file upload_5.cif (mmCIF, C-alpha atoms)
data_data
#
loop_
_atom_site.group_PDB
_atom_site.id
_atom_site.type_symbol
_atom_site.label_atom_id
_atom_site.label_comp_id
_atom_site.auth_asym_id
_atom_site.auth_seq_id
_atom_site.Cartn_x
_atom_site.Cartn_y
_atom_site.Cartn_z
ATOM 1 C CA MET A 1 161.629 166.130 58.995
ATOM 2 C CA SER A 2 162.457 168.352 56.071
ATOM 3 C CA GLY A 3 160.164 169.850 53.455
ATOM 4 C CA ASP A 4 156.820 171.464 54.074
ATOM 5 C CA SER A 5 155.358 169.765 57.117
ATOM 6 C CA GLU A 6 152.144 171.814 57.295
ATOM 7 C CA TYR A 7 150.531 169.488 54.699
ATOM 8 C CA VAL A 8 151.592 166.451 56.708
ATOM 9 C CA ASP A 9 150.390 167.995 59.974
ATOM 10 C CA ALA A 10 147.024 168.800 58.394
ATOM 11 C CA ALA A 11 146.627 165.275 57.011
ATOM 12 C CA LEU A 12 147.572 163.684 60.366
ATOM 13 C CA GLU A 13 145.312 166.052 62.304
ATOM 14 C CA GLU A 14 142.333 165.351 60.057
ATOM 15 C CA ALA A 15 142.930 161.598 60.309
ATOM 16 C CA GLY A 16 143.191 161.842 64.108
ATOM 17 C CA GLU A 17 139.909 163.772 64.297
ATOM 18 C CA ARG A 18 138.108 161.232 62.101
ATOM 19 C CA MET A 19 139.505 158.365 64.176
ATOM 20 C CA ALA A 20 138.449 160.035 67.442
ATOM 21 C CA LYS A 21 134.932 160.484 66.037
ATOM 22 C CA ALA A 22 134.836 156.782 65.109
ATOM 23 C CA VAL A 23 135.825 155.851 68.681
ATOM 24 C CA ALA A 24 133.195 158.198 70.156
ATOM 25 C CA HIS A 25 130.531 156.817 67.828
ATOM 26 C CA THR A 26 131.426 153.242 68.762
ATOM 27 C CA ARG A 27 131.193 154.065 72.481
ATOM 28 C CA SER A 28 127.829 155.715 71.860
ATOM 29 C CA GLU A 29 126.635 152.585 70.044
ATOM 30 C CA PHE A 30 127.730 150.471 73.019
ATOM 31 C CA SER A 31 125.705 152.587 75.449
ATOM 32 C CA GLY A 32 122.542 151.642 73.553
ATOM 33 C CA VAL A 33 123.072 147.930 74.129
ATOM 34 C CA ARG A 34 121.119 146.707 77.125
ATOM 35 C CA THR A 35 122.743 145.063 80.097
ATOM 36 C CA GLY A 36 120.692 143.848 83.038
ATOM 37 C CA ARG A 37 121.028 147.320 84.609
ATOM 38 C CA ALA A 38 118.723 150.285 84.198
ATOM 39 C CA THR A 39 120.363 153.160 82.331
ATOM 40 C CA PRO A 40 118.912 156.211 80.567
ATOM 41 C CA ALA A 41 121.505 155.804 77.771
ATOM 42 C CA LEU A 42 119.490 152.845 76.492
ATOM 43 C CA ILE A 43 116.390 154.892 75.681
ATOM 44 C CA GLU A 44 117.329 158.595 75.627
ATOM 45 C CA LYS A 45 117.813 158.702 71.846
ATOM 46 C CA ILE A 46 114.644 156.754 70.963
ATOM 47 C CA PRO A 47 112.633 158.856 68.470
ATOM 48 C CA VAL A 48 109.177 159.824 69.722
ATOM 49 C CA GLU A 49 106.410 161.158 67.456
ATOM 50 C CA TYR A 50 105.481 164.410 69.168
ATOM 51 C CA TYR A 51 103.096 166.881 67.524
ATOM 52 C CA GLY A 52 103.929 165.643 64.045
ATOM 53 C CA SER A 53 107.718 165.500 64.323
ATOM 54 C CA SER A 54 110.216 162.938 65.529
ATOM 55 C CA VAL A 55 111.979 164.083 68.712
ATOM 56 C CA PRO A 56 114.604 162.211 70.806
ATOM 57 C CA LEU A 57 113.083 161.041 74.100
ATOM 58 C CA GLN A 58 115.701 162.963 76.128
ATOM 59 C CA GLN A 59 114.088 166.215 74.934
ATOM 60 C CA LEU A 60 110.649 165.148 76.181
ATOM 61 C CA ALA A 61 111.343 163.594 79.577
ATOM 62 C CA GLY A 62 113.577 163.395 82.610
ATOM 63 C CA PHE A 63 115.112 160.130 83.804
ATOM 64 C CA SER A 64 115.887 158.665 87.203
ATOM 65 C CA VAL A 65 117.176 155.287 88.345
ATOM 66 C CA PRO A 66 115.712 154.512 91.805
ATOM 67 C CA ASP A 67 117.402 151.093 91.818
ATOM 68 C CA ALA A 68 119.617 148.983 89.552
ATOM 69 C CA ARG A 69 116.733 147.371 87.691
ATOM 70 C CA LEU A 70 114.226 150.250 87.479
ATOM 71 C CA LEU A 71 114.243 153.300 85.219
ATOM 72 C CA MET A 72 111.716 156.093 85.711
ATOM 73 C CA VAL A 73 110.804 158.294 82.742
ATOM 74 C CA THR A 74 108.976 161.491 83.700
ATOM 75 C CA PRO A 75 107.561 163.387 80.704
ATOM 76 C CA PHE A 76 107.813 167.183 80.845
ATOM 77 C CA ASP A 77 104.403 167.273 79.102
ATOM 78 C CA LYS A 78 101.898 164.687 80.391
ATOM 79 C CA GLY A 79 100.251 164.777 76.954
ATOM 80 C CA ALA A 80 103.322 163.024 75.531
ATOM 81 C CA MET A 81 102.952 160.016 77.884
ATOM 82 C CA ALA A 82 101.187 157.720 75.358
ATOM 83 C CA ALA A 83 103.583 158.624 72.535
ATOM 84 C CA ILE A 84 106.594 157.933 74.783
ATOM 85 C CA GLU A 85 105.191 154.551 75.858
ATOM 86 C CA ARG A 86 104.529 153.611 72.235
ATOM 87 C CA ALA A 87 108.067 154.649 71.177
ATOM 88 C CA ILE A 88 109.627 152.549 73.972
ATOM 89 C CA MET A 89 107.575 149.502 72.946
ATOM 90 C CA ASP A 90 108.376 150.069 69.243
ATOM 91 C CA ALA A 91 112.110 150.192 70.064
ATOM 92 C CA ASN A 92 111.880 146.446 70.775
ATOM 93 C CA LEU A 93 114.200 146.480 73.800
ATOM 94 C CA GLY A 94 112.298 143.802 75.708
ATOM 95 C CA LEU A 95 110.959 146.372 78.178
ATOM 96 C CA ASN A 96 107.308 146.752 79.159
ATOM 97 C CA PRO A 97 106.481 150.302 80.211
ATOM 98 C CA SER A 98 103.951 150.821 83.005
ATOM 99 C CA ASN A 99 102.322 154.226 83.341
ATOM 100 C CA ASP A 100 100.978 155.631 86.625
ATOM 101 C CA GLY A 101 99.773 158.909 85.108
ATOM 102 C CA VAL A 102 102.857 160.807 86.282
ATOM 103 C CA ALA A 103 105.804 158.688 85.199
ATOM 104 C CA ILE A 104 106.597 155.618 83.136
ATOM 105 C CA ARG A 105 108.322 152.777 84.965
ATOM 106 C CA LEU A 106 110.631 150.436 83.075
ATOM 107 C CA ALA A 107 111.591 147.285 84.964
ATOM 108 C CA PHE A 108 114.735 145.646 83.588
ATOM 109 C CA PRO A 109 114.462 141.876 83.850
ATOM 110 C CA PRO A 110 117.729 139.972 84.216
ATOM 111 C CA LEU A 111 119.124 138.902 80.858
ATOM 112 C CA THR A 112 119.157 135.232 79.908
ATOM 113 C CA GLU A 113 122.509 133.683 79.048
ATOM 114 C CA GLU A 114 121.420 133.363 75.419
ATOM 115 C CA ARG A 115 120.437 137.052 75.236
ATOM 116 C CA ARG A 116 123.775 138.074 76.803
ATOM 117 C CA LYS A 117 125.640 136.143 74.116
ATOM 118 C CA GLU A 118 123.557 137.823 71.386
ATOM 119 C CA PHE A 119 124.416 141.236 72.843
ATOM 120 C CA VAL A 120 128.124 140.324 73.022
ATOM 121 C CA LYS A 121 128.013 139.421 69.305
ATOM 122 C CA LEU A 122 126.288 142.729 68.600
ATOM 123 C CA VAL A 123 128.889 144.836 70.438
ATOM 124 C CA LYS A 124 131.715 142.905 68.755
ATOM 125 C CA GLN A 125 130.174 143.772 65.375
ATOM 126 C CA ARG A 126 129.853 147.431 66.362
ATOM 127 C CA ALA A 127 133.484 147.427 67.528
ATOM 128 C CA GLU A 128 134.535 146.013 64.163
ATOM 129 C CA ASP A 129 132.525 148.750 62.422
ATOM 130 C CA GLY A 130 134.432 151.289 64.540
ATOM 131 C CA ARG A 131 137.797 149.751 63.652
ATOM 132 C CA THR A 132 136.786 149.816 59.979
ATOM 133 C CA ALA A 133 136.020 153.554 60.248
ATOM 134 C CA VAL A 134 139.423 154.135 61.882
ATOM 135 C CA ARG A 135 141.155 152.212 59.086
ATOM 136 C CA ALA A 136 139.217 154.170 56.447
ATOM 137 C CA ALA A 137 140.534 157.408 57.977
ATOM 138 C CA ARG A 138 144.070 155.972 57.835
ATOM 139 C CA ARG A 139 143.620 154.884 54.211
ATOM 140 C CA ASP A 140 142.337 158.326 53.142
ATOM 141 C CA ALA A 141 145.177 160.120 54.943
ATOM 142 C CA ARG A 142 147.712 157.756 53.379
ATOM 143 C CA LYS A 143 146.324 158.551 49.899
ATOM 144 C CA ASP A 144 146.648 162.282 50.645
ATOM 145 C CA LEU A 145 150.249 161.823 51.797
ATOM 146 C CA GLU A 146 151.155 159.717 48.759
ATOM 147 C CA SER A 147 149.720 162.310 46.406
ATOM 148 C CA LEU A 148 151.763 165.008 48.190
ATOM 149 C CA GLN A 149 154.853 162.897 47.620
ATOM 150 C CA LYS A 150 153.992 162.465 43.916
ATOM 151 C CA GLU A 151 153.517 166.225 43.567
ATOM 152 C CA GLY A 152 156.982 166.778 45.023
ATOM 153 C CA GLU A 153 155.678 168.373 48.240
ATOM 154 C CA LEU A 154 156.997 165.482 50.327
ATOM 155 C CA SER A 155 160.249 163.494 50.189
ATOM 156 C CA GLU A 156 160.286 159.691 50.304
ATOM 157 C CA ASP A 157 161.721 159.822 53.863
ATOM 158 C CA ASP A 158 159.035 162.279 54.997
ATOM 159 C CA LEU A 159 156.374 160.021 53.495
ATOM 160 C CA ARG A 160 157.729 157.016 55.425
ATOM 161 C CA TRP A 161 157.911 159.052 58.657
ATOM 162 C CA SER A 162 154.364 160.388 58.252
ATOM 163 C CA GLU A 163 152.998 156.927 57.461
ATOM 164 C CA GLY A 164 154.631 155.693 60.669
ATOM 165 C CA GLU A 165 152.909 158.500 62.607
ATOM 166 C CA LEU A 166 149.636 157.576 60.937
ATOM 167 C CA ASP A 167 150.057 153.939 61.974
ATOM 168 C CA LYS A 168 150.695 155.020 65.591
ATOM 169 C CA LEU A 169 147.493 157.092 65.541
ATOM 170 C CA THR A 170 145.584 154.123 64.146
ATOM 171 C CA LYS A 171 146.890 151.752 66.835
ATOM 172 C CA VAL A 172 145.966 154.188 69.628
ATOM 173 C CA HIS A 173 142.396 154.587 68.372
ATOM 174 C CA GLU A 174 141.908 150.872 67.700
ATOM 175 C CA ALA A 175 143.152 150.167 71.255
ATOM 176 C CA GLU A 176 140.535 152.597 72.621
ATOM 177 C CA ILE A 177 137.801 150.692 70.770
ATOM 178 C CA ASP A 178 139.175 147.369 72.036
ATOM 179 C CA ALA A 179 139.226 148.648 75.641
ATOM 180 C CA ALA A 180 135.624 149.881 75.326
ATOM 181 C CA LEU A 181 134.629 146.508 73.836
ATOM 182 C CA ASP A 182 136.292 144.607 76.683
ATOM 183 C CA ALA A 183 134.511 146.765 79.282
ATOM 184 C CA LYS A 184 131.109 146.368 77.606
ATOM 185 C CA THR A 185 131.580 142.613 77.159
ATOM 186 C CA ALA A 186 132.453 142.231 80.851
ATOM 187 C CA GLU A 187 129.407 144.324 81.786
ATOM 188 C CA LEU A 188 127.154 142.129 79.617
ATOM 189 C CA LEU A 189 128.512 138.852 80.958
ATOM 190 C CA GLU A 190 128.419 139.716 84.649
ATOM 191 C CA GLY A 191 125.182 138.539 86.243
#

call {"tool": "encode", "arguments": {"input": "upload_5.cif", "output": "structure tokens"}}
result
Amino acid sequence: MSGDSEYVDAALEEAGERMAKAVAHTRSEFSGVRTGRATPALIEKIPVEYYGSSVPLQQLAGFSVPDARLLMVTPFDKGAMAAIERAIMDANLGLNPSNDGVAIRLAFPPLTEERRKEFVKLVKQRAEDGRTAVRAARRDARKDLESLQKEGELSEDDLRWSEGELDKLTKVHEAEIDAALDAKTAELLEG
């Protein structure tokens, strides 16, 4: 490639970083979708009102999973127990917390077939949101590259080459989202 490639490298690097963030965000969104299994990822980010401010649950309690369908939440401060229970109920996850004075037990009932299908639709939508974010990063990078070409910083051949590199980046990141979607869908549909 001729010309000044540092502009192209910067545009491709920025696009790659934005795409990687979109993939990470999508995976994070998937972890908050309930399967029939107990997992701290489902509740750790739930906001809890604690002494007048909203704090993520993971900062107020420890988690353990004694078996596949039971999650134990042990508050670091026993005074936060009621607020944590309320936050879990308000999160509308279909879980009923039971409090023994020391820890909160969350029993995960098996999902109905109908509920599984709803969750599959939800993760498909979140995957599409992730793909949209990846494509937005590609579109913005492409605009940057085209403006470089108009300003004479980039030849027509260099523009075509860099757009090809951008398309490769996009395909890689979209494939990562698709693989995460396939894994989550399989997890949701297995009994």

call {"tool": "residues_around", "arguments": {"input": "upload_5.cif", "residues": "Leu169 in chain A", "least_positions_apart": "5", "cutoff": "10 Å", "atoms": "all atoms listed in the file", "output": "number ranges by chain"}}
result
A: 12-13, 15-16, 19-20, 134, 138, 163-164, 174-175

call {"tool": "resolve_selection", "arguments": {"input": "upload_5.cif", "expression": "the PyMOL selection byres ((chain A and resi 49) around 12)", "output": "VMD selection string"}}
result
chain A and resid 46 to 48 50 to 57 59 to 60 79 to 88 90

call {"tool": "closest_residue", "arguments": {"input": "upload_5.cif", "among": "A:Asp157, A:Glu187, A:Glu146, A:Glu29", "to": "Gln125 in chain A", "atoms": "all atoms listed in the file"}}
result
A:Glu29

call {"tool": "closest_residue", "arguments": {"input": "upload_5.cif", "among": "A:Ala133, A:Ala179, A:Leu159, A:Leu145", "to": "His25 in chain A", "atoms": "all atoms listed in the file"}}
result
A:Ala133

call {"tool": "closest_residue", "arguments": {"input": "upload_5.cif", "among": "A:Arg27, A:Lys150, A:Lys171, A:Arg34", "to": "Arg115 in chain A", "atoms": "only C-alpha atoms"}}
result
A:Arg34

call {"tool": "closest_residue", "arguments": {"input": "upload_5.cif", "among": "A:Lys78, A:Arg135, A:Arg142, A:Lys45", "to": "Glu165 in chain A", "atoms": "all atoms listed in the file"}}
result
A:Arg142

call {"tool": "residues_around", "arguments": {"input": "upload_5.cif", "residues": "Leu189 in chain A", "least_positions_apart": "4", "cutoff": "9 Å", "atoms": "all atoms listed in the file", "output": "list in words"}}
result
Thr35, Glu113, Arg116, Lys117, Val120, Lys184 and Thr185 of chain A

call {"tool": "write_last_selection", "arguments": {"input": "upload_5.cif", "atoms": "C-alpha atoms", "output": "PDB file, keeping the file's coordinate frame"}}
result
ATOM      1  CA  THR A  35     122.743 145.063  80.097  1.00  0.00           C
ATOM      2  CA  GLU A 113     122.509 133.683  79.048  1.00  0.00           C
ATOM      3  CA  ARG A 116     123.775 138.074  76.803  1.00  0.00           C
ATOM      4  CA  LYS A 117     125.640 136.143  74.116  1.00  0.00           C
ATOM      5  CA  VAL A 120     128.124 140.324  73.022  1.00  0.00           C
ATOM      6  CA  LYS A 184     131.109 146.368  77.606  1.00  0.00           C
ATOM      7  CA  THR A 185     131.580 142.613  77.159  1.00  0.00           C
TER       8      THR A 185
END

call {"tool": "resolve_selection", "arguments": {"input": "upload_5.cif", "expression": "the PyMOL selection byres ((chain A and resi 63) around 7)", "output": "list of chain:residue names"}}
result
A:Pro40, A:Ala61, A:Gly62, A:Ser64, A:Val65, A:Met72, A:Val73, A:Thr74

call {"tool": "resolve_selection", "arguments": {"input": "upload_5.cif", "expression": "the PyMOL selection byres ((chain A and resi 94-96) around 10)", "output": "PyMOL selection string"}}
result
chain A and resi 34+85+88-93+97-99+104-109+111

call {"tool": "axis_aligned_box", "arguments": {"input": "upload_5.cif", "around": "range 22-32 of chain A", "padding_each_side": "3 Å", "output": "lines of an AutoDock Vina configuration file"}}
result
center_x = 129.2
center_y = 154.3
center_z = 70.3
size_x = 19.3
size_y = 13.7
size_z = 16.3

call {"tool": "atom_distance", "arguments": {"input": "upload_5.cif", "atom1": "CA of Glu156 in chain A", "atom2": "CA of Ala137 in chain A"}}
result
21.3 Å

call {"tool": "atom_distance", "arguments": {"input": "upload_5.cif", "atom1": "CA of Gly101 in chain A", "atom2": "CA of Asp77 in chain A"}}
result
11.3 Å

call {"tool": "atom_distance", "arguments": {"input": "upload_5.cif", "atom1": "CA of Thr26 in chain A", "atom2": "CA of Ile177 in chain A"}}
result
7.2 Å

call {"tool": "closest_residue", "arguments": {"input": "upload_5.cif", "among": "A:Val102, A:Phe119, A:Val8, A:Asp178", "to": "Arg160 in chain A", "atoms": "all atoms listed in the file"}}
result
A:Val8

call {"tool": "residues_around", "arguments": {"input": "upload_5.cif", "residues": "Ser31 in chain A", "least_positions_apart": "3", "cutoff": "7 Å", "atoms": "all atoms listed in the file", "output": "PyMOL selection string"}}
result
chain A and resi 27-28+41-42
